[in-house]
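Have a look at structure.pdb below; it lists PDB, C-alpha atoms.
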ATOM      1  CA  MET A   1       3.631  15.798 -22.774
ATOM      2  CA  THR A   2       2.141  12.750 -21.162
ATOM      3  CA  ASP A   3       2.787   9.349 -22.672
ATOM      4  CA  PRO A   4      -0.643   8.102 -23.862
ATOM      5  CA  SER A   5       0.174   4.584 -22.687
ATOM      6  CA  PRO A   6      -0.784   3.385 -19.171
ATOM      7  CA  GLN A   7       1.446   4.964 -16.537
ATOM      8  CA  GLY A   8       2.506   1.955 -14.513
ATOM      9  CA  PRO A   9       0.961   0.381 -11.425
ATOM     10  CA  PRO A  10      -1.377   2.511  -9.323
ATOM     11  CA  PRO A  11       0.135   3.853  -6.084
ATOM     12  CA  HIS A  12      -2.437   1.996  -4.005
ATOM     13  CA  GLY A  13      -2.956  -1.138  -6.097
ATOM     14  CA  ARG A  14      -2.991  -4.731  -4.851
ATOM     15  CA  ASP A  15       0.780  -4.997  -4.390
ATOM     16  CA  SER A  16       1.173  -1.807  -2.371
ATOM     17  CA  GLN A  17      -2.039  -2.314  -0.383
ATOM     18  CA  ALA A  18      -0.504  -5.444   1.118
ATOM     19  CA  ARG A  19       2.207  -3.182   2.582
ATOM     20  CA  LEU A  20      -0.081  -0.430   3.917
ATOM     21  CA  PRO A  21      -1.052  -0.197   7.574
ATOM     22  CA  GLN A  22      -4.690   0.082   8.577
ATOM     23  CA  PHE A  23      -5.995   3.653   8.616
ATOM     24  CA  GLU A  24      -8.766   4.828  10.913
ATOM     25  CA  VAL A  25     -11.696   6.580   9.222
ATOM     26  CA  THR A  26     -12.968   9.170  11.715
ATOM     27  CA  LEU A  27     -14.657  11.469   9.167
ATOM     28  CA  PRO A  28     -17.724   9.891   7.536
ATOM     29  CA  PRO A  29     -18.275  10.503   3.807
ATOM     30  CA  PRO A  30     -20.834  13.216   3.014
ATOM     31  CA  ASP A  31     -24.192  12.564   1.376
ATOM     32  CA  LEU A  32     -23.825  14.172  -2.047
ATOM     33  CA  ALA A  33     -27.131  12.938  -3.486
ATOM     34  CA  PRO A  34     -28.742  16.424  -3.611
ATOM     35  CA  TRP A  35     -25.905  17.793  -5.765
ATOM     36  CA  ARG A  36     -25.474  14.976  -8.302
ATOM     37  CA  ALA A  37     -27.459  16.667 -11.054
ATOM     38  CA  GLY A  38     -25.912  20.114 -10.623
ATOM     39  CA  ASN A  39     -27.148  23.083 -12.637
ATOM     40  CA  THR A  40     -24.401  23.504 -15.238
ATOM     41  CA  GLY A  41     -24.948  20.560 -17.574
ATOM     42  CA  ILE A  42     -21.985  18.800 -15.916
ATOM     43  CA  PRO A  43     -23.119  16.259 -13.291
ATOM     44  CA  GLY A  44     -21.912  17.250  -9.844
ATOM     45  CA  PHE A  45     -21.254  20.904 -10.720
ATOM     46  CA  THR A  46     -23.361  23.751  -9.312
ATOM     47  CA  SER A  47     -22.758  27.406 -10.196
ATOM     48  CA  HIS A  48     -24.215  30.731  -9.050
ATOM     49  CA  ALA A  49     -23.409  34.264 -10.238
ATOM     50  CA  ALA A  50     -23.805  37.607  -8.497
ATOM     51  CA  GLU A  51     -25.031  40.771 -10.173
ATOM     52  CA  ALA A  52     -21.763  42.545  -9.420
ATOM     53  CA  PRO A  53     -18.875  41.642 -11.762
ATOM     54  CA  GLY A  54     -15.927  39.683 -10.470
ATOM     55  CA  PRO A  55     -13.796  36.570 -11.016
ATOM     56  CA  HIS A  56     -15.161  33.092 -11.679
ATOM     57  CA  VAL A  57     -13.936  30.824  -8.878
ATOM     58  CA  LEU A  58     -14.155  27.026  -9.092
ATOM     59  CA  LEU A  59     -13.930  25.040  -5.851
ATOM     60  CA  LEU A  60     -13.154  21.450  -6.799
ATOM     61  CA  ALA A  61     -13.276  18.373  -4.564
ATOM     62  CA  LEU A  62     -12.929  14.602  -5.082
ATOM     63  CA  MET A  63     -10.189  14.657  -7.682
ATOM     64  CA  HIS A  64      -9.430  11.426  -5.830
ATOM     65  CA  GLY A  65     -12.468   9.450  -4.726
ATOM     66  CA  ASN A  66     -11.318   8.728  -1.179
ATOM     67  CA  GLU A  67     -10.246  12.322  -0.389
ATOM     68  CA  TYR A  68     -13.589  13.726   0.675
ATOM     69  CA  ALA A  69     -12.774  16.265   3.420
ATOM     70  CA  GLY A  70     -13.105  19.048   0.843
ATOM     71  CA  ALA A  71     -16.302  17.503  -0.519
ATOM     72  CA  ALA A  72     -17.791  17.621   2.983
ATOM     73  CA  VAL A  73     -17.134  21.377   3.112
ATOM     74  CA  LEU A  74     -18.673  21.941  -0.332
ATOM     75  CA  ASP A  75     -21.699  19.891   0.757
ATOM     76  CA  ARG A  76     -22.068  22.143   3.813
ATOM     77  CA  MET A  77     -21.796  25.276   1.658
ATOM     78  CA  LEU A  78     -24.431  24.003  -0.779
ATOM     79  CA  ARG A  79     -26.838  23.094   2.029
ATOM     80  CA  ALA A  80     -26.355  26.598   3.476
ATOM     81  CA  ARG A  81     -27.150  28.160   0.051
ATOM     82  CA  LEU A  82     -23.988  30.270  -0.009
ATOM     83  CA  ARG A  83     -23.995  32.827  -2.844
ATOM     84  CA  PRO A  84     -21.130  35.037  -4.015
ATOM     85  CA  LEU A  85     -21.186  38.790  -3.433
ATOM     86  CA  ARG A  86     -19.618  39.313  -6.858
ATOM     87  CA  GLY A  87     -18.448  37.250  -9.805
ATOM     88  CA  ARG A  88     -19.365  33.587 -10.138
ATOM     89  CA  LEU A  89     -18.822  30.682  -7.749
ATOM     90  CA  THR A  90     -18.870  27.076  -8.994
ATOM     91  CA  LEU A  91     -18.654  24.052  -6.704
ATOM     92  CA  GLY A  92     -17.751  20.737  -8.325
ATOM     93  CA  PHE A  93     -17.259  17.096  -7.353
ATOM     94  CA  ALA A  94     -14.752  15.538  -9.754
ATOM     95  CA  ASN A  95     -14.472  11.752  -9.428
ATOM     96  CA  LEU A  96     -17.926  10.805  -8.166
ATOM     97  CA  ALA A  97     -17.634   7.253  -9.510
ATOM     98  CA  ALA A  98     -14.545   6.551  -7.391
ATOM     99  CA  PHE A  99     -16.169   8.255  -4.393
ATOM    100  CA  ASP A 100     -19.156   5.901  -4.762
ATOM    101  CA  ALA A 101     -16.760   2.957  -4.423
ATOM    102  CA  PHE A 102     -15.406   4.152  -1.047
ATOM    103  CA  ASP A 103     -15.354   1.440   1.614
ATOM    104  CA  PRO A 104     -14.174   2.411   5.134
ATOM    105  CA  ALA A 105     -12.898  -1.143   5.587
ATOM    106  CA  ASN A 106     -10.515  -0.599   2.647
ATOM    107  CA  PRO A 107     -10.276   3.189   2.384
ATOM    108  CA  THR A 108      -7.244   3.447   0.102
ATOM    109  CA  ALA A 109      -8.805   1.398  -2.706
ATOM    110  CA  SER A 110     -11.087   4.111  -4.125
ATOM    111  CA  ARG A 111      -8.518   6.771  -4.949
ATOM    112  CA  PHE A 112      -9.528   6.122  -8.581
ATOM    113  CA  LEU A 113     -11.134   3.443 -10.728
ATOM    114  CA  ASP A 114      -8.737   3.080 -13.685
ATOM    115  CA  GLU A 115      -5.994   5.678 -13.209
ATOM    116  CA  ASP A 116      -5.098   8.781 -11.227
ATOM    117  CA  MET A 117      -7.291  11.630 -12.488
ATOM    118  CA  ASN A 118      -4.717  14.168 -11.316
ATOM    119  CA  ARG A 119      -2.077  12.923 -13.749
ATOM    120  CA  LEU A 120      -4.177  13.457 -16.895
ATOM    121  CA  TRP A 121      -4.246  17.234 -17.375
ATOM    122  CA  ASP A 122      -2.258  17.387 -20.596
ATOM    123  CA  PRO A 123      -4.215  18.907 -23.523
ATOM    124  CA  ALA A 124      -2.705  16.354 -25.903
ATOM    125  CA  LEU A 125      -3.913  13.507 -23.693
ATOM    126  CA  LEU A 126      -7.334  15.056 -23.073
ATOM    127  CA  ASP A 127      -7.785  15.520 -26.826
ATOM    128  CA  GLY A 128      -6.319  12.110 -27.679
ATOM    129  CA  PRO A 129      -7.871   8.699 -28.386
ATOM    130  CA  ARG A 130      -7.084   6.855 -25.144
ATOM    131  CA  SER A 131     -10.001   5.954 -22.894
ATOM    132  CA  SER A 132     -10.507   5.293 -19.172
ATOM    133  CA  ALA A 133     -13.090   6.144 -16.529
ATOM    134  CA  GLU A 134     -10.978   9.030 -15.257
ATOM    135  CA  LEU A 135     -10.133  10.376 -18.704
ATOM    136  CA  SER A 136     -13.821  10.408 -19.625
ATOM    137  CA  ARG A 137     -14.677  12.334 -16.491
ATOM    138  CA  ALA A 138     -11.752  14.743 -16.923
ATOM    139  CA  ARG A 139     -12.985  15.518 -20.432
ATOM    140  CA  GLN A 140     -16.501  16.030 -19.070
ATOM    141  CA  ILE A 141     -15.445  18.526 -16.392
ATOM    142  CA  ARG A 142     -12.809  20.258 -18.550
ATOM    143  CA  PRO A 143     -15.174  23.067 -19.710
ATOM    144  CA  ALA A 144     -15.771  24.103 -16.084
ATOM    145  CA  VAL A 145     -12.026  24.100 -15.394
ATOM    146  CA  GLU A 146     -11.274  26.167 -18.479
ATOM    147  CA  ALA A 147     -14.069  28.664 -17.740
ATOM    148  CA  ALA A 148     -12.718  29.533 -14.282
ATOM    149  CA  ASP A 149     -10.347  32.396 -13.498
ATOM    150  CA  VAL A 150      -9.278  30.762 -10.217
ATOM    151  CA  VAL A 151      -9.437  27.063  -9.238
ATOM    152  CA  LEU A 152      -8.980  25.737  -5.718
ATOM    153  CA  ASP A 153      -8.436  21.963  -5.945
ATOM    154  CA  LEU A 154      -9.075  20.373  -2.534
ATOM    155  CA  HIS A 155      -7.072  17.292  -1.533
ATOM    156  CA  SER A 156      -5.887  15.470   1.585
ATOM    157  CA  MET A 157      -2.943  13.184   2.333
ATOM    158  CA  LEU A 158      -2.489   9.521   3.242
ATOM    159  CA  TRP A 159       0.598   9.941   5.413
ATOM    160  CA  PRO A 160       1.112  12.348   8.338
ATOM    161  CA  SER A 161       2.059  15.786   7.083
ATOM    162  CA  ASP A 162       1.582  19.453   7.833
ATOM    163  CA  PRO A 163      -1.061  21.014   5.550
ATOM    164  CA  LEU A 164       0.216  23.001   2.569
ATOM    165  CA  ILE A 165      -0.781  24.680  -0.671
ATOM    166  CA  LEU A 166       0.871  23.533  -3.891
ATOM    167  CA  CYS A 167       0.998  26.609  -6.118
ATOM    168  CA  GLY A 168       2.795  25.384  -9.242
ATOM    169  CA  ALA A 169       5.653  27.271 -10.835
ATOM    170  CA  ALA A 170       4.001  30.562 -11.846
ATOM    171  CA  ALA A 171       4.697  33.594  -9.652
ATOM    172  CA  ARG A 172       0.999  34.520  -9.499
ATOM    173  CA  GLY A 173       0.280  31.130  -7.932
ATOM    174  CA  ARG A 174       2.585  31.682  -4.986
ATOM    175  CA  THR A 175       1.300  35.246  -4.549
ATOM    176  CA  LEU A 176      -2.288  34.003  -4.347
ATOM    177  CA  ALA A 177      -1.343  31.123  -2.038
ATOM    178  CA  GLN A 178       0.277  33.533   0.404
ATOM    179  CA  ALA A 179      -2.796  35.775   0.311
ATOM    180  CA  VAL A 180      -5.115  32.831   1.068
ATOM    181  CA  GLY A 181      -3.070  32.217   4.219
ATOM    182  CA  ALA A 182      -4.465  28.776   5.081
ATOM    183  CA  PRO A 183      -2.546  26.529   5.069
ATOM    184  CA  ALA A 184       0.347  28.762   6.059
ATOM    185  CA  LEU A 185       2.902  26.979   3.845
ATOM    186  CA  ALA A 186       2.939  27.381   0.067
ATOM    187  CA  VAL A 187       5.132  25.042  -1.988
ATOM    188  CA  ALA A 188       6.112  25.962  -5.545
ATOM    189  CA  ASP A 189       6.861  22.962  -7.750
ATOM    190  CA  ARG A 190       6.555  21.589 -11.279
ATOM    191  CA  GLY A 191       4.594  18.445 -10.555
ATOM    192  CA  HIS A 192       5.260  14.739 -11.050
ATOM    193  CA  THR A 193       7.155  12.738 -13.644
ATOM    194  CA  ASN A 194       4.191  10.407 -14.268
ATOM    195  CA  GLY A 195       1.686  12.993 -15.458
ATOM    196  CA  PRO A 196       0.485  16.601 -15.070
ATOM    197  CA  ARG A 197      -1.922  17.733 -12.382
ATOM    198  CA  LEU A 198      -4.823  20.081 -12.995
ATOM    199  CA  ILE A 199      -2.721  22.977 -11.661
ATOM    200  CA  ASP A 200      -0.143  22.136 -14.354
ATOM    201  CA  LEU A 201      -2.532  22.885 -17.240
ATOM    202  CA  PRO A 202      -0.862  25.462 -19.522
ATOM    203  CA  ARG A 203      -3.460  28.163 -18.806
ATOM    204  CA  PHE A 204      -2.505  27.994 -15.120
ATOM    205  CA  ALA A 205       1.220  27.279 -15.488
ATOM    206  CA  ARG A 206       2.255  29.720 -18.231
ATOM    207  CA  PRO A 207       4.270  32.644 -16.800
ATOM    208  CA  ASP A 208       2.298  35.102 -18.961
ATOM    209  CA  GLY A 209      -1.135  33.642 -18.137
ATOM    210  CA  THR A 210      -3.877  35.196 -16.029
ATOM    211  CA  ALA A 211      -5.787  32.162 -14.701
ATOM    212  CA  THR A 212      -4.527  30.648 -11.442
ATOM    213  CA  ALA A 213      -4.976  27.239  -9.826
ATOM    214  CA  LEU A 214      -3.956  26.101  -6.352
ATOM    215  CA  LEU A 215      -3.947  22.608  -4.858
ATOM    216  CA  VAL A 216      -4.662  22.440  -1.120
ATOM    217  CA  GLU A 217      -3.402  19.451   0.854
ATOM    218  CA  SER A 218      -5.509  19.984   3.958
ATOM    219  CA  GLY A 219      -4.177  17.195   6.192
ATOM    220  CA  GLN A 220      -4.659  13.453   6.491
ATOM    221  CA  HIS A 221      -7.530  11.642   4.819
ATOM    222  CA  TRP A 222     -10.574  10.873   6.981
ATOM    223  CA  ASP A 223      -9.571  13.302   9.758
ATOM    224  CA  PRO A 224     -12.073  16.010  10.803
ATOM    225  CA  ALA A 225      -9.162  18.461  11.146
ATOM    226  CA  SER A 226      -8.616  18.171   7.383
ATOM    227  CA  MET A 227     -12.184  19.320   6.805
ATOM    228  CA  ASP A 228     -11.550  22.332   9.051
ATOM    229  CA  MET A 229      -8.416  23.266   7.105
ATOM    230  CA  ALA A 230     -10.190  22.907   3.760
ATOM    231  CA  ALA A 231     -12.915  25.245   5.036
ATOM    232  CA  ALA A 232     -10.314  27.778   6.210
ATOM    233  CA  SER A 233      -8.612  27.688   2.815
ATOM    234  CA  ILE A 234     -11.893  28.251   0.973
ATOM    235  CA  ALA A 235     -12.796  31.116   3.301
ATOM    236  CA  GLY A 236      -9.382  32.740   2.850
ATOM    237  CA  LEU A 237      -9.622  32.559  -0.938
ATOM    238  CA  LEU A 238     -13.198  33.854  -1.208
ATOM    239  CA  ARG A 239     -12.528  36.733   1.178
ATOM    240  CA  HIS A 240      -9.335  37.701  -0.618
ATOM    241  CA  LEU A 241     -11.154  37.795  -3.971
ATOM    242  CA  GLY A 242     -14.153  39.642  -2.569
ATOM    243  CA  LEU A 243     -16.712  36.875  -3.158
ATOM    244  CA  LEU A 244     -17.476  36.540   0.540
ATOM    245  CA  ARG A 245     -17.325  38.511   3.796
ATOM    246  CA  SER A 246     -18.701  36.033   6.308
ATOM    247  CA  HIS A 247     -20.995  33.020   6.214
ATOM    248  CA  PRO A 248     -22.126  30.421   8.793
ATOM    249  CA  SER A 249     -20.827  27.553   6.646
ATOM    250  CA  LEU A 250     -17.239  28.841   6.710
ATOM    251  CA  PRO A 251     -14.870  29.879   9.528
ATOM    252  CA  ALA A 252     -14.018  33.459  10.424
ATOM    253  CA  ALA A 253     -10.869  34.873   8.900
ATOM    254  CA  PRO A 254      -7.855  34.445  11.232
ATOM    255  CA  ALA A 255      -5.446  37.327  11.758
ATOM    256  CA  ALA A 256      -2.285  35.817  10.283
ATOM    257  CA  PRO A 257       0.760  37.094   8.403
ATOM    258  CA  PRO A 258       1.316  36.002   4.798
ATOM    259  CA  GLY A 259       2.308  32.357   4.549
ATOM    260  CA  ARG A 260       5.833  31.056   3.938
ATOM    261  CA  VAL A 261       6.937  29.860   0.502
ATOM    262  CA  ALA A 262       9.262  26.973  -0.302
ATOM    263  CA  GLU A 263      10.533  25.945  -3.736
ATOM    264  CA  VAL A 264      10.967  22.287  -4.628
ATOM    265  CA  THR A 265      14.548  21.651  -5.700
ATOM    266  CA  HIS A 266      14.392  17.872  -6.177
ATOM    267  CA  VAL A 267      11.590  15.401  -6.916
ATOM    268  CA  VAL A 268      12.548  11.872  -5.864
ATOM    269  CA  THR A 269      10.802   9.146  -7.871
ATOM    270  CA  ALA A 270      11.074   5.550  -6.662
ATOM    271  CA  ALA A 271      13.132   3.639  -9.211
ATOM    272  CA  THR A 272      12.710   0.265  -7.499
ATOM    273  CA  GLY A 273      10.080  -1.554  -5.495
ATOM    274  CA  ALA A 274      12.452  -1.563  -2.522
ATOM    275  CA  PHE A 275      12.391   2.186  -1.791
ATOM    276  CA  ALA A 276      12.517   2.741   1.983
ATOM    277  CA  PHE A 277      13.069   5.726   4.251
ATOM    278  CA  VAL A 278      15.642   5.351   7.016
ATOM    279  CA  ARG A 279      12.969   6.361   9.536
ATOM    280  CA  THR A 280       9.354   7.492   9.555
ATOM    281  CA  PHE A 281       9.459  11.103   8.388
ATOM    282  CA  ARG A 282       6.559  13.533   8.645
ATOM    283  CA  GLY A 283       5.782  15.968   5.863
ATOM    284  CA  GLY A 284       6.871  19.451   6.906
ATOM    285  CA  GLU A 285       9.986  18.292   8.763
ATOM    286  CA  VAL A 286      13.109  20.351   8.107
ATOM    287  CA  ILE A 287      16.445  18.492   7.963
ATOM    288  CA  PRO A 288      19.134  20.955   9.108
ATOM    289  CA  ARG A 289      22.199  19.585   7.332
ATOM    290  CA  ARG A 290      22.980  18.971   3.688
ATOM    291  CA  ASN A 291      23.894  15.386   2.686
ATOM    292  CA  THR A 292      21.803  13.749   5.425
ATOM    293  CA  LEU A 293      20.734  10.234   4.437
ATOM    294  CA  ILE A 294      16.930   9.984   4.363
ATOM    295  CA  ALA A 295      16.190   6.918   2.186
ATOM    296  CA  LEU A 296      17.510   4.002   0.171
ATOM    297  CA  ASP A 297      16.144   3.163  -3.281
ATOM    298  CA  GLY A 298      17.565  -0.304  -3.712
ATOM    299  CA  THR A 299      21.269   0.421  -3.282
ATOM    300  CA  GLU A 300      21.036   4.132  -4.165
ATOM    301  CA  GLU A 301      21.286   6.572  -1.270
ATOM    302  CA  ILE A 302      18.847   9.495  -1.159
ATOM    303  CA  ARG A 303      20.367  12.454   0.679
ATOM    304  CA  THR A 304      19.310  16.020   1.366
ATOM    305  CA  PRO A 305      20.721  18.332  -1.337
ATOM    306  CA  HIS A 306      21.021  21.448   0.859
ATOM    307  CA  ASP A 307      20.847  22.703   4.432
ATOM    308  CA  ASP A 308      17.405  23.345   5.986
ATOM    309  CA  CYS A 309      15.782  20.917   3.578
ATOM    310  CA  LEU A 310      11.987  20.818   3.793
ATOM    311  CA  LEU A 311      10.453  17.359   3.344
ATOM    312  CA  VAL A 312       7.309  17.683   1.232
ATOM    313  CA  MET A 313       4.705  14.912   1.477
ATOM    314  CA  PRO A 314       6.876  11.805   1.904
ATOM    315  CA  SER A 315       5.066   8.699   0.676
ATOM    316  CA  LEU A 316       6.159   6.034   3.136
ATOM    317  CA  ARG A 317       5.214   3.128   0.807
ATOM    318  CA  PRO A 318       5.912   4.431  -2.709
ATOM    319  CA  SER A 319       5.394   2.214  -5.745
ATOM    320  CA  ARG A 320       8.078   2.074  -8.416
ATOM    321  CA  GLY A 321       7.709   4.975 -10.845
ATOM    322  CA  HIS A 322       5.803   7.189  -8.405
ATOM    323  CA  THR A 323       6.905  10.212  -6.389
ATOM    324  CA  ALA A 324       8.432   9.214  -3.051
ATOM    325  CA  ILE A 325       9.191  12.697  -1.718
ATOM    326  CA  ARG A 326       9.854  16.251  -2.819
ATOM    327  CA  LEU A 327      12.725  18.217  -1.292
ATOM    328  CA  ALA A 328      12.421  21.992  -0.984
ATOM    329  CA  ARG A 329      14.094  25.099   0.398
ATOM    330  CA  PHE A 330      12.425  28.159   1.857
ATOM    331  CA  VAL A 331      12.557  31.419  -0.106
ATOM    332  CA  ALA A 332      11.999  35.033   0.926
TER     333      ALA A 332
END
The structure given in the file should be rewritten as structure tokens.
Amino acid sequence: MTDPSPQGPPPHGRDSQARLPQFEVTLPPPDLAPWRAGNTGIPGFTSHAAEAPGPHVLLLALMHGNEYAGAAVLDRMLRARLRPLRGRLTLGFANLAAFDAFDPANPTASRFLDEDMNRLWDPALLDGPRSSAELSRARQIRPAVEAADVVLDLHSMLWPSDPLILCGAAARGRTLAQAVGAPALAVADRGHTNGPRLIDLPRFARPDGTATALLVESGQHWDPASMDMAAASIAGLLRHLGLLRSHPSLPAAPAAPPGRVAEVTHVVTAATGAFAFVRTFRGGEVIPRRNTLIALDGTEEIRTPHDDCLLVMPSLRPSRGHTAIRLARFVA
């Protein structure tokens, strides 16, 4: 359960921004004005159903306001009037208020307004008395999330990393992630210590559940290649579920074997403000030998816990109390 009190300093607040390098914005933000009203009663959410029965799929972008590669793909799909062959397809833009605050001169500042929206998906917190801009919006979009059979939550990454799909802990999540096939790496984990993600909602995380949610990390923020990967992931999911065969707004299906799966064995949370990696690691690197030193958290050494250790999304400037890196091993 999430503590209803504030969860510490934001990962890209004033203190950490002073330590961040400048990032180039080569992907312009999309114009989402035509989709603000939506057609579902939830601003920013548009839904269409086919006559043939099938699953309800929710494609969600802008959980973080400055991660708009996925939103650019949804914008393209909406302009192309894509309709599902069966079931229902809903396209939603989550944190529009933070997106509206995006400034390419300071692109990390609009991740959120008050707090990280992807650390709030605890029913007790959503039903509780605490208030913030992100909590209000999470409560507003919650009915769309809970109505969907499958959710694809589209994100991107600040630091260099290979794209991946976070599939949670449930077996059905990793099975679906492998079937989607793009990105080719699925990572099974249990989330962060400072709050649950949307994919951690009980209806998605319970072993005996039927609803499934995946989180796609499509590449670096503000890079056109991240938009391409988000589009490939959407296409893979919709084809697998039978909602789509082909469409001009999405890429053709690549001929690829099922993706690899890795399980997170350790989540490293920065305990001090002096956390530092021993060198600049890239997400997706594999460290061959157990007990290799990769970081110092104050005086504490952070070492690989096993051979062939996969480095998952290292945050090269982590704030105290936030995830610095996840360490994983590949599974059959």
(message) Calculated over only C-alpha atoms, which of the candidates A:Ser131, A:Thr46, A:Asn95, A:Ser226 has the smallest distance to Arg79 in chain A?
(response)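 The answer is A:Thr46, which sits nearest to Arg79 in chain A.
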(request) Could you tell me which residues the PyMOL selection byres ((chain A and resi 211) around 12) grabs in this file, written as an MDAnalysis selection string? (result) chainID A and resid 55:58 145:152 170:173 176 199:210 212:214
For the residues selected in the previous step, produce a file with C-alpha atoms as an mmCIF file, keeping the file's coordinate frame.
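This is the output file part07.cif:
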data_model
loop_
_atom_site.group_PDB
_atom_site.id
_atom_site.type_symbol
_atom_site.label_atom_id
_atom_site.label_comp_id
_atom_site.auth_asym_id
_atom_site.auth_seq_id
_atom_site.Cartn_x
_atom_site.Cartn_y
_atom_site.Cartn_z
ATOM 1 C CA PRO A 55 -13.796 36.570 -11.016
ATOM 2 C CA HIS A 56 -15.161 33.092 -11.679
ATOM 3 C CA VAL A 57 -13.936 30.824 -8.878
ATOM 4 C CA LEU A 58 -14.155 27.026 -9.092
ATOM 5 C CA VAL A 145 -12.026 24.100 -15.394
ATOM 6 C CA GLU A 146 -11.274 26.167 -18.479
ATOM 7 C CA ALA A 147 -14.069 28.664 -17.740
ATOM 8 C CA ALA A 148 -12.718 29.533 -14.282
ATOM 9 C CA ASP A 149 -10.347 32.396 -13.498
ATOM 10 C CA VAL A 150 -9.278 30.762 -10.217
ATOM 11 C CA VAL A 151 -9.437 27.063 -9.238
ATOM 12 C CA LEU A 152 -8.980 25.737 -5.718
ATOM 13 C CA ALA A 170 4.001 30.562 -11.846
ATOM 14 C CA ALA A 171 4.697 33.594 -9.652
ATOM 15 C CA ARG A 172 0.999 34.520 -9.499
ATOM 16 C CA GLY A 173 0.280 31.130 -7.932
ATOM 17 C CA LEU A 176 -2.288 34.003 -4.347
ATOM 18 C CA ILE A 199 -2.721 22.977 -11.661
ATOM 19 C CA ASP A 200 -0.143 22.136 -14.354
ATOM 20 C CA LEU A 201 -2.532 22.885 -17.240
ATOM 21 C CA PRO A 202 -0.862 25.462 -19.522
ATOM 22 C CA ARG A 203 -3.460 28.163 -18.806
ATOM 23 C CA PHE A 204 -2.505 27.994 -15.120
ATOM 24 C CA ALA A 205 1.220 27.279 -15.488
ATOM 25 C CA ARG A 206 2.255 29.720 -18.231
ATOM 26 C CA PRO A 207 4.270 32.644 -16.800
ATOM 27 C CA ASP A 208 2.298 35.102 -18.961
ATOM 28 C CA GLY A 209 -1.135 33.642 -18.137
ATOM 29 C CA THR A 210 -3.877 35.196 -16.029
ATOM 30 C CA THR A 212 -4.527 30.648 -11.442
ATOM 31 C CA ALA A 213 -4.976 27.239 -9.826
ATOM 32 C CA LEU A 214 -3.956 26.101 -6.352
#
(message) Could you list, as a PyMOL selection string, every residue within 9 Å of Leu154 in chain A, counting all atoms listed in the file and ignoring same-chain residues fewer than 4 positions away?
(response) chain A and resi 59-63+67-71+214-218+230
Output file for the selection above: C-alpha atoms, as a PDB file, in the frame of the given file:
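out25.pdb was written with the following content:
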ATOM      1  CA  LEU A  59     -13.930  25.040  -5.851  1.00  0.00           C
ATOM      2  CA  LEU A  60     -13.154  21.450  -6.799  1.00  0.00           C
ATOM      3  CA  ALA A  61     -13.276  18.373  -4.564  1.00  0.00           C
ATOM      4  CA  LEU A  62     -12.929  14.602  -5.082  1.00  0.00           C
ATOM      5  CA  MET A  63     -10.189  14.657  -7.682  1.00  0.00           C
ATOM      6  CA  GLU A  67     -10.246  12.322  -0.389  1.00  0.00           C
ATOM      7  CA  TYR A  68     -13.589  13.726   0.675  1.00  0.00           C
ATOM      8  CA  ALA A  69     -12.774  16.265   3.420  1.00  0.00           C
ATOM      9  CA  GLY A  70     -13.105  19.048   0.843  1.00  0.00           C
ATOM     10  CA  ALA A  71     -16.302  17.503  -0.519  1.00  0.00           C
ATOM     11  CA  LEU A 214      -3.956  26.101  -6.352  1.00  0.00           C
ATOM     12  CA  LEU A 215      -3.947  22.608  -4.858  1.00  0.00           C
ATOM     13  CA  VAL A 216      -4.662  22.440  -1.120  1.00  0.00           C
ATOM     14  CA  GLU A 217      -3.402  19.451   0.854  1.00  0.00           C
ATOM     15  CA  SER A 218      -5.509  19.984   3.958  1.00  0.00           C
ATOM     16  CA  ALA A 230     -10.190  22.907   3.760  1.00  0.00           C
TER      17      ALA A 230
END
(message) Under the PyMOL selection byres ((chain A and resi 280) around 12), which residues of this model are included? Write them out as a VMD selection string.
(response) chain A and resid 159 to 161 276 to 279 281 to 283 285 294 to 295 311 313 to 317
(request) Evaluate the PyMOL selection byres ((chain A and resi 327) around 7) and record the selected residues as a PyMOL selection string, following the chain and residue labels used in the document. (result) chain A and resi 264-267+309-312+325-326+328
(message) Please compute the CA of Gly168 in chain A-CA of Asp153 in chain A distance, one decimal, in Å.
(response) 12.2 Å
(request) Choose the residue, out of A:Leu296, A:Pro21, A:Ala182, A:Val286, that has the smallest atom-to-atom separation from Arg239 in chain A; count all atoms listed in the file. (result)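 Result for the nearest residue to Arg239 in chain A: A:Ala182.
Between CA of Arg111 in chain A and CA of Gly65 in chain A there is a distance of 4.8 Å.
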(message) Let me make sure I understand: among A:Ala169, A:Ala138, A:Met77, A:Ala144, which one has the smallest atom-to-atom distance to Gly92 in chain A if we use all atoms listed in the file?
(response)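 Selected residue with least distance to Gly92 in chain A: A:Ala144.
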